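Dumped work_16.txt below, it's compact mmCIF, C-alpha atoms:
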```txt
# COMPACT_ATOMS: atom_id res chain seq x y z
CA MET N 1 84.43 88.07 131.43
CA LYS N 2 87.32 87.60 129.01
CA PRO N 3 87.24 89.84 125.94
CA GLY N 4 86.71 88.09 122.66
CA TRP N 5 88.62 88.62 119.45
CA ARG N 6 88.33 92.00 117.76
CA TYR N 7 90.02 92.81 114.51
CA ALA N 8 90.37 95.33 111.70
CA LYS N 9 91.40 94.51 108.16
CA ALA N 10 92.10 96.42 104.97
CA ALA N 11 93.41 95.79 101.46
CA VAL N 12 94.18 98.84 99.34
CA THR N 13 95.42 99.48 95.83
CA GLY N 14 99.03 100.57 95.45
CA THR N 15 99.91 103.64 93.42
CA ARG N 16 101.62 101.53 90.75
CA HIS N 17 98.52 99.41 90.26
CA ALA N 18 96.32 102.49 90.28
CA ALA N 19 98.43 104.03 87.53
CA ASP N 20 98.11 100.82 85.51
CA ARG N 21 94.34 100.71 86.22
CA ARG N 22 94.69 97.19 87.58
CA GLY N 23 92.97 97.59 90.92
CA CYS N 24 93.92 95.85 94.15
CA GLU N 25 95.20 92.28 93.78
CA ASP N 26 95.48 91.64 97.55
CA PHE N 27 92.67 90.11 99.57
CA ALA N 28 92.37 90.11 103.37
CA ALA N 29 89.73 88.01 105.13
CA ALA N 30 88.97 87.07 108.73
CA ARG N 31 86.16 85.59 110.78
CA ILE N 32 85.40 84.23 114.24
CA ILE N 33 84.60 80.51 114.21
CA GLY N 34 82.50 79.15 117.06
CA THR N 35 83.45 75.65 118.26
CA ALA N 36 82.70 73.40 121.22
CA ARG N 37 85.97 74.54 122.84
CA GLY N 38 85.36 78.24 122.27
CA ASN N 39 85.87 80.76 119.54
CA VAL N 40 88.76 80.60 117.09
CA LEU N 41 90.09 83.55 115.12
CA ALA N 42 90.68 82.64 111.48
CA ALA N 43 92.58 85.17 109.35
CA CYS N 44 94.11 85.02 105.89
CA VAL N 45 95.96 87.41 103.57
CA CYS N 46 96.52 86.52 99.92
CA ASP N 47 98.52 88.51 97.37
CA GLY N 48 97.84 87.78 93.70
CA ALA N 49 100.91 87.59 91.47
CA GLY N 50 101.49 90.83 89.59
CA SER N 51 102.25 88.92 86.40
CA SER N 52 98.97 86.96 86.52
CA PRO N 53 95.95 88.41 84.67
CA GLN N 54 93.45 86.97 87.18
CA ALA N 55 95.53 87.69 90.27
CA ALA N 56 92.76 89.47 92.18
CA THR N 57 90.34 86.61 91.62
CA GLY N 58 92.93 84.05 92.66
CA ALA N 59 93.66 85.89 95.90
CA ARG N 60 89.98 86.18 96.80
CA VAL N 61 89.13 82.58 95.96
CA ALA N 62 92.13 81.22 97.88
CA ALA N 63 91.45 83.25 101.03
CA GLU N 64 87.76 82.44 101.13
CA ALA N 65 88.39 78.73 100.49
CA PHE N 66 91.01 78.57 103.24
CA LEU N 67 88.69 80.13 105.82
CA THR N 68 85.74 77.98 104.72
CA VAL N 69 87.55 74.64 104.98
CA ALA N 70 89.21 75.67 108.25
CA GLY N 71 85.84 76.59 109.73
CA ASP N 72 84.27 73.31 108.65
CA ARG N 73 87.12 71.27 110.14
CA LEU N 74 87.16 73.23 113.39
CA ARG N 75 83.45 72.71 113.90
CA ASP N 76 83.77 68.99 113.09
CA THR N 77 86.65 68.47 115.54
CA GLY N 78 85.20 70.65 118.27
CA GLY N 79 87.94 73.23 117.94
CA LEU N 80 91.22 71.43 117.21
CA VAL N 81 93.56 71.28 114.22
CA ASP N 82 96.97 69.72 113.58
CA GLU N 83 99.70 70.11 110.99
CA THR N 84 98.10 67.62 108.62
CA ASP N 85 94.92 69.71 108.69
CA LEU N 86 96.89 72.83 107.78
CA ALA N 87 98.44 71.12 104.78
CA GLU N 88 94.99 69.96 103.68
CA PHE N 89 93.60 73.48 104.02
CA LEU N 90 96.28 74.66 101.60
CA SER N 91 95.42 71.85 99.19
CA PHE N 92 91.74 72.77 99.35
CA ALA N 93 92.49 76.45 98.68
CA ALA N 94 94.72 75.50 95.73
CA LEU N 95 91.99 73.23 94.38
CA ALA N 96 89.42 76.01 94.66
CA VAL N 97 91.67 78.29 92.60
CA THR N 98 92.26 75.54 90.03
CA LEU N 99 88.53 74.89 89.71
CA LYS N 100 87.88 78.59 89.27
CA ALA N 101 90.43 78.66 86.46
CA PHE N 102 88.84 75.59 84.86
CA THR N 103 85.33 77.05 84.92
CA GLU N 104 86.62 80.27 83.34
CA LYS N 105 88.69 78.28 80.79
CA ASN N 106 92.00 79.80 81.86
CA PRO N 107 95.26 78.21 83.02
CA ALA N 108 95.67 77.99 86.79
CA ARG N 109 98.83 80.12 86.67
CA ASP N 110 96.66 83.07 85.63
CA TYR N 111 95.29 82.99 89.22
CA ALA N 112 98.61 82.64 91.06
CA THR N 113 98.58 83.93 94.64
CA THR N 114 100.49 83.73 97.89
CA LEU N 115 98.76 82.81 101.17
CA VAL N 116 99.45 83.52 104.83
CA GLY N 117 96.92 82.17 107.31
CA ALA N 118 96.45 82.06 111.08
CA LEU N 119 94.05 80.14 113.32
CA VAL N 120 94.14 81.03 117.02
CA SER N 121 92.17 79.69 120.00
CA GLU N 122 92.74 80.26 123.72
CA SER N 123 94.80 77.08 123.97
CA TRP N 124 96.66 76.77 120.65
CA SER N 125 97.81 78.73 117.61
CA ALA N 126 98.34 77.47 114.06
CA PHE N 127 100.04 79.23 111.17
CA VAL N 128 100.62 78.41 107.51
CA GLN N 129 102.35 80.25 104.68
CA VAL N 130 103.15 79.90 100.99
CA GLY N 131 105.10 82.78 99.44
CA ASP N 132 105.97 86.21 100.76
CA GLY N 133 104.12 88.46 103.15
CA ALA N 134 104.36 87.75 106.88
CA MET N 135 102.68 87.20 110.23
CA VAL N 136 103.73 88.81 113.52
CA VAL N 137 102.91 87.70 117.09
CA PRO N 138 103.98 88.91 120.56
CA SER N 139 107.23 87.54 122.01
CA ALA N 140 107.25 89.64 125.22
CA PRO N 141 105.51 92.82 126.43
CA GLY N 142 106.00 95.36 123.65
CA ARG N 143 108.09 92.95 121.59
CA TRP N 144 107.11 91.16 118.40
CA GLU N 145 108.44 88.34 116.27
CA LEU N 146 107.91 86.94 112.80
CA VAL N 147 106.16 83.59 112.67
CA PHE N 148 108.02 82.76 109.43
CA GLU N 149 110.47 84.56 107.21
CA PRO N 150 108.85 85.60 103.91
CA GLN N 151 109.56 82.97 101.26
CA ARG N 152 111.90 84.23 98.55
CA GLY N 153 112.70 82.73 95.19
CA THR N 154 116.06 82.48 93.47
CA TYR N 155 115.91 86.00 92.02
CA ALA N 156 114.92 89.40 93.37
CA ASN N 157 111.16 89.98 93.66
CA GLU N 158 110.54 86.26 93.10
CA THR N 159 108.44 84.15 95.44
CA TYR N 160 106.30 81.00 95.46
CA PHE N 161 102.59 80.63 94.84
CA LEU N 162 99.73 78.44 95.96
CA THR N 163 99.21 77.20 92.38
CA ASP N 164 102.81 75.94 92.04
CA ASP N 165 103.10 72.17 91.69
CA ASP N 166 105.30 71.96 94.78
CA ALA N 167 103.40 74.52 96.88
CA ARG N 168 102.45 72.04 99.58
CA LEU N 169 106.04 70.84 99.92
CA ARG N 170 107.34 74.40 100.16
CA ALA N 171 104.69 75.49 102.64
CA HIS N 172 105.63 76.44 106.18
CA VAL N 173 103.36 75.33 109.03
CA ALA N 174 103.62 75.85 112.77
CA VAL N 175 101.39 74.67 115.61
CA ARG N 176 102.03 76.21 119.02
CA PRO N 177 100.58 74.67 122.21
CA TYR N 178 99.24 78.01 123.44
CA GLY N 179 97.00 80.74 122.09
CA VAL N 180 98.70 84.01 121.24
CA ALA N 181 96.80 87.06 122.42
CA GLU N 182 97.41 89.16 119.30
CA VAL N 183 98.39 88.60 115.70
CA ALA N 184 99.02 90.68 112.59
CA LEU N 185 99.12 89.46 108.99
CA PHE N 186 100.29 91.52 106.03
CA SER N 187 101.19 91.21 102.37
CA ASP N 188 104.60 91.89 100.83
CA GLY N 189 103.56 95.45 100.00
CA LEU N 190 104.22 96.28 103.67
CA GLU N 191 107.38 94.23 104.15
CA ARG N 192 109.68 97.18 103.49
CA LEU N 193 107.94 99.14 106.24
CA LEU N 194 107.39 96.38 108.82
CA ILE N 195 110.38 94.07 108.43
CA ARG N 196 113.88 95.36 109.06
CA GLU N 197 117.04 94.11 107.44
CA ALA N 198 119.29 95.80 110.00
CA ALA N 199 120.68 94.08 113.09
CA GLY N 200 118.37 93.66 116.07
CA SER N 201 114.69 92.85 115.96
CA PRO N 202 113.55 92.01 112.41
CA VAL N 203 110.15 93.54 113.18
CA ALA N 204 109.28 97.23 113.22
CA GLU N 205 107.92 96.90 116.75
CA ALA N 206 106.93 100.55 117.17
CA PHE N 207 104.34 100.16 114.42
CA PHE N 208 102.52 97.31 116.17
CA ASN N 209 102.84 98.94 119.59
CA GLU N 210 101.14 102.02 118.15
CA MET N 211 98.47 100.23 116.08
CA LEU N 212 97.25 97.42 118.38
CA PRO N 213 95.92 99.59 121.25
CA ALA N 214 93.09 100.81 119.00
CA VAL N 215 92.03 97.21 118.40
CA ARG N 216 92.30 96.37 122.10
CA GLY N 217 90.02 99.30 122.85
CA SER N 218 87.39 98.29 120.33
CA GLY N 219 83.98 97.52 121.78
CA ALA N 220 82.83 95.69 118.67
CA PRO N 221 83.06 91.90 118.81
CA GLY N 222 84.61 90.51 115.66
CA GLU N 223 85.37 93.03 112.93
CA ASP N 224 85.41 96.70 113.84
CA LEU N 225 84.27 98.40 110.64
CA VAL N 226 85.12 101.89 111.88
CA LEU N 227 88.69 100.84 112.60
CA ALA N 228 88.81 99.03 109.26
CA GLN N 229 87.89 102.23 107.44
CA ALA N 230 90.56 104.16 109.34
CA LEU N 231 93.12 101.44 108.59
CA SER N 232 92.28 101.57 104.90
CA ALA N 233 92.72 105.35 104.87
CA TYR N 234 96.05 105.05 106.66
CA LEU N 235 97.39 102.44 104.22
CA SER N 236 96.34 104.73 101.35
CA SER N 237 97.97 107.82 102.86
CA LYS N 238 100.74 109.80 101.19
CA ALA N 239 103.15 108.83 103.95
CA ILE N 240 102.71 105.11 103.25
CA ASN N 241 102.55 105.47 99.48
CA ALA N 242 105.83 107.37 99.56
CA ARG N 243 107.51 104.22 100.86
CA THR N 244 105.75 101.53 98.80
CA ASP N 245 103.85 101.62 95.51
CA ASP N 246 102.53 98.04 95.83
CA ASP N 247 99.10 96.88 96.97
CA LYS N 248 98.94 96.65 100.75
CA SER N 249 96.84 94.44 103.01
CA LEU N 250 96.88 94.18 106.79
CA ILE N 251 94.89 92.39 109.48
CA LEU N 252 95.31 93.42 113.14
CA ALA N 253 93.63 91.22 115.77
CA SER N 254 93.59 91.22 119.57
CA ARG N 255 91.74 89.58 122.44
CA LEU N 256 93.34 91.80 125.12
CA LEU N 257 91.76 94.49 127.24
CA PRO N 258 92.89 98.08 126.52
CA ALA N 259 95.15 98.36 129.59
CA GLN N 260 96.99 95.10 128.97
CA PRO N 261 100.40 95.04 127.31
CA SER N 262 100.86 92.31 124.76
CA PRO N 263 102.21 89.35 126.77
CA GLU N 264 104.70 86.70 125.83
CA GLY N 265 102.27 83.99 126.93
CA VAL N 266 103.83 80.56 127.09
CA ALA N 267 107.35 79.74 126.01
CA ALA N 268 107.35 78.13 122.59
CA THR N 269 109.52 75.17 123.58
CA ASP N 270 107.22 72.70 121.85
CA GLU N 271 106.70 74.70 118.67
CA HIS N 272 106.74 72.74 115.43
CA SER N 273 107.91 74.69 112.40
CA HIS N 274 108.82 72.92 109.18
CA ALA N 275 107.68 72.10 105.70
CA ALA N 276 104.21 70.62 105.48
CA PRO N 277 104.14 66.89 104.84
CA GLY N 278 103.92 65.80 101.22
```
Would you mind writing the structure in this file as structure tokens?
Amino acid sequence: MKPGWRYAKAAVTGTRHAADRRGCEDFAAARIIGTARGNVLAACVCDGAGSSPQAATGARVAAEAFLTVAGDRLRDTGGLVDETDLAEFLSFAALAVTLKAFTEKNPARDYATTLVGALVSESWSAFVQVGDGAMVVPSAPGRWELVFEPQRGTYANETYFLTDDDARLRAHVAVRPYGVAEVALFSDGLERLLIREAAGSPVAEAFFNEMLPAVRGSGAPGEDLVLAQALSAYLSSKAINARTDDDKSLILASRLLPAQPSPEGVAATDEHSHAAPG
């Protein structure tokens, strides 16, 4: 019997936000969606803009809306999505944030947030991103690659947000004709640790090679709460806080057995990666 998806997720407050008494403005969410063609992992990480007073609410609303609309569509289609669906999921998440702002009588920009999302079945993988943060998937045994480069603005520390007027046009989407066996999503608070600027692999591969075996060995279908608690403690540790003072969120997911190395899977010759249609 093939192992199903297991995952651990955590979102923790950075030391800078703790000092400002702002709390965590990241939100990490994941679920397993049952369809006629089998289970699909749905995962999403949102990072509320530090300059937005309702950033935490915006991140939560966007992530939950993305997973909800994706689940509804997957069940309706029997377990298939395309690039148009991904763009619509973003629009739905942006609308949910806008409606939340309207009901609370605030401008939508007060709820600005980034979004990185992944949907993975046994036969296909779909990814979408607005803003910074990143997703990582296997490229070969023990090797990892970025799905997209984090989106940067014109100036340092500037990015794009789901509530921007041109968010859908700026969005990156990719549909791959095979299901990756593992995936990790993280917010920009971990970029400095997990993405390298030096020559060679842009991904800190040792981190994922050390962290994923615990998820592979999990006996809990779906979310492993024990691993999630350990992941939260690790992201809040002095060693991590010494390297980043931002909020940090991370989702690690695998459908491999413990003894299996992370495989390359199928060559991505048919991958589509471009801006979502307007």
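With atom CA of N:Val61 on one side and atom CA of N:Cys24 on the other, the separation reads 14.2 Å.
Minimum distance to N:Phe148 across N:Gly117, N:Thr163, N:Asp224, N:Glu122 (counting only C-alpha atoms) occurs at N:Gly117.
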Completion exercise
If you count all atoms listed in the file, the residue of N:Thr35, N:Ser254, N:Ser249, N:Asn209 closest to N:Trp144 turns out to be N:Asn209
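Shortest atom-to-atom contact with N:Ala62 among N:Ala93, N:Leu162, N:Leu185, N:Val215: N:Ala93, counting all atoms listed in the file.
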Practice task
Find the residue from N:Val203, N:Leu194, N:Ala184, N:Leu86 that sits nearest to N:Ala171; use only C-alpha atoms when measuring.
Solution key: N:Leu86
Exercise for the section: Within 7 Å of (95.3, 81.2, 90.0) (coordinates as in the file), grab all the protein and nucleic acid residues, counting only C-alpha atoms, and write them out as a ChimeraX atom specification. Expected result: /N:54-55,58,97-98,101,108-113,163
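With all atoms listed in the file as the atoms that count, the minimum distance from N:Ala10 to the choices N:Val137, N:Ala233, N:Ala220, N:Val180 is reached by N:Ala233.
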Kindly output stretch 1-23 of chain N as a PDB file, in the frame of the given file, after building N, CA and C atoms.
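Printed below is result_23.pdb as written:
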```
ATOM      1  N   MET N   1      84.604  88.738 132.724  1.00  0.00           N
ATOM      2  CA  MET N   1      84.430  88.070 131.430  1.00  0.00           C
ATOM      3  C   MET N   1      85.601  88.411 130.494  1.00  0.00           C
ATOM      4  N   LYS N   2      86.204  87.382 129.903  1.00  0.00           N
ATOM      5  CA  LYS N   2      87.320  87.600 129.010  1.00  0.00           C
ATOM      6  C   LYS N   2      86.859  88.262 127.705  1.00  0.00           C
ATOM      7  N   PRO N   3      87.630  89.213 127.213  1.00  0.00           N
ATOM      8  CA  PRO N   3      87.240  89.840 125.940  1.00  0.00           C
ATOM      9  C   PRO N   3      87.428  88.854 124.799  1.00  0.00           C
ATOM     10  N   GLY N   4      86.561  88.942 123.830  1.00  0.00           N
ATOM     11  CA  GLY N   4      86.710  88.090 122.660  1.00  0.00           C
ATOM     12  C   GLY N   4      87.611  88.757 121.632  1.00  0.00           C
ATOM     13  N   TRP N   5      87.781  88.070 120.521  1.00  0.00           N
ATOM     14  CA  TRP N   5      88.620  88.620 119.450  1.00  0.00           C
ATOM     15  C   TRP N   5      87.942  89.827 118.816  1.00  0.00           C
ATOM     16  N   ARG N   6      88.729  90.858 118.581  1.00  0.00           N
ATOM     17  CA  ARG N   6      88.330  92.000 117.760  1.00  0.00           C
ATOM     18  C   ARG N   6      89.413  92.204 116.712  1.00  0.00           C
ATOM     19  N   TYR N   7      89.014  92.634 115.555  1.00  0.00           N
ATOM     20  CA  TYR N   7      90.020  92.810 114.510  1.00  0.00           C
ATOM     21  C   TYR N   7      89.594  93.884 113.523  1.00  0.00           C
ATOM     22  N   ALA N   8      90.593  94.401 112.817  1.00  0.00           N
ATOM     23  CA  ALA N   8      90.370  95.330 111.700  1.00  0.00           C
ATOM     24  C   ALA N   8      91.202  94.839 110.537  1.00  0.00           C
ATOM     25  N   LYS N   9      90.678  94.956 109.346  1.00  0.00           N
ATOM     26  CA  LYS N   9      91.400  94.510 108.160  1.00  0.00           C
ATOM     27  C   LYS N   9      91.200  95.505 107.020  1.00  0.00           C
ATOM     28  N   ALA N  10      92.183  95.539 106.132  1.00  0.00           N
ATOM     29  CA  ALA N  10      92.100  96.420 104.970  1.00  0.00           C
ATOM     30  C   ALA N  10      92.998  95.880 103.876  1.00  0.00           C
ATOM     31  N   ALA N  11      92.590  96.079 102.642  1.00  0.00           N
ATOM     32  CA  ALA N  11      93.410  95.790 101.460  1.00  0.00           C
ATOM     33  C   ALA N  11      93.209  96.949 100.501  1.00  0.00           C
ATOM     34  N   VAL N  12      94.296  97.632 100.149  1.00  0.00           N
ATOM     35  CA  VAL N  12      94.180  98.840  99.340  1.00  0.00           C
ATOM     36  C   VAL N  12      95.082  98.749  98.114  1.00  0.00           C
ATOM     37  N   THR N  13      94.693  99.476  97.090  1.00  0.00           N
ATOM     38  CA  THR N  13      95.420  99.480  95.830  1.00  0.00           C
ATOM     39  C   THR N  13      96.682 100.344  95.934  1.00  0.00           C
ATOM     40  N   GLY N  14      97.790  99.809  95.477  1.00  0.00           N
ATOM     41  CA  GLY N  14      99.030 100.570  95.450  1.00  0.00           C
ATOM     42  C   GLY N  14      99.031 101.586  94.330  1.00  0.00           C
ATOM     43  N   THR N  15      99.880 102.589  94.430  1.00  0.00           N
ATOM     44  CA  THR N  15      99.910 103.640  93.420  1.00  0.00           C
ATOM     45  C   THR N  15     100.333 103.101  92.050  1.00  0.00           C
ATOM     46  N   ARG N  16     101.192 102.108  92.035  1.00  0.00           N
ATOM     47  CA  ARG N  16     101.620 101.530  90.750  1.00  0.00           C
ATOM     48  C   ARG N  16     100.451 100.820  90.069  1.00  0.00           C
ATOM     49  N   HIS N  17      99.679 100.083  90.834  1.00  0.00           N
ATOM     50  CA  HIS N  17      98.520  99.410  90.260  1.00  0.00           C
ATOM     51  C   HIS N  17      97.449 100.404  89.847  1.00  0.00           C
ATOM     52  N   ALA N  18      97.298 101.460  90.631  1.00  0.00           N
ATOM     53  CA  ALA N  18      96.320 102.490  90.280  1.00  0.00           C
ATOM     54  C   ALA N  18      96.685 103.143  88.956  1.00  0.00           C
ATOM     55  N   ALA N  19      97.981 103.410  88.774  1.00  0.00           N
ATOM     56  CA  ALA N  19      98.430 104.030  87.530  1.00  0.00           C
ATOM     57  C   ALA N  19      98.202 103.107  86.338  1.00  0.00           C
ATOM     58  N   ASP N  20      98.328 101.802  86.573  1.00  0.00           N
ATOM     59  CA  ASP N  20      98.110 100.820  85.510  1.00  0.00           C
ATOM     60  C   ASP N  20      96.640 100.426  85.362  1.00  0.00           C
ATOM     61  N   ARG N  21      95.791 101.005  86.217  1.00  0.00           N
ATOM     62  CA  ARG N  21      94.340 100.710  86.220  1.00  0.00           C
ATOM     63  C   ARG N  21      94.079  99.220  86.420  1.00  0.00           C
ATOM     64  N   ARG N  22      94.845  98.615  87.324  1.00  0.00           N
ATOM     65  CA  ARG N  22      94.690  97.190  87.580  1.00  0.00           C
ATOM     66  C   ARG N  22      93.836  96.908  88.797  1.00  0.00           C
ATOM     67  N   GLY N  23      93.711  97.846  89.700  1.00  0.00           N
ATOM     68  CA  GLY N  23      92.970  97.590  90.920  1.00  0.00           C
ATOM     69  C   GLY N  23      93.792  96.777  91.909  1.00  0.00           C
TER      70      GLY N  23
END
```
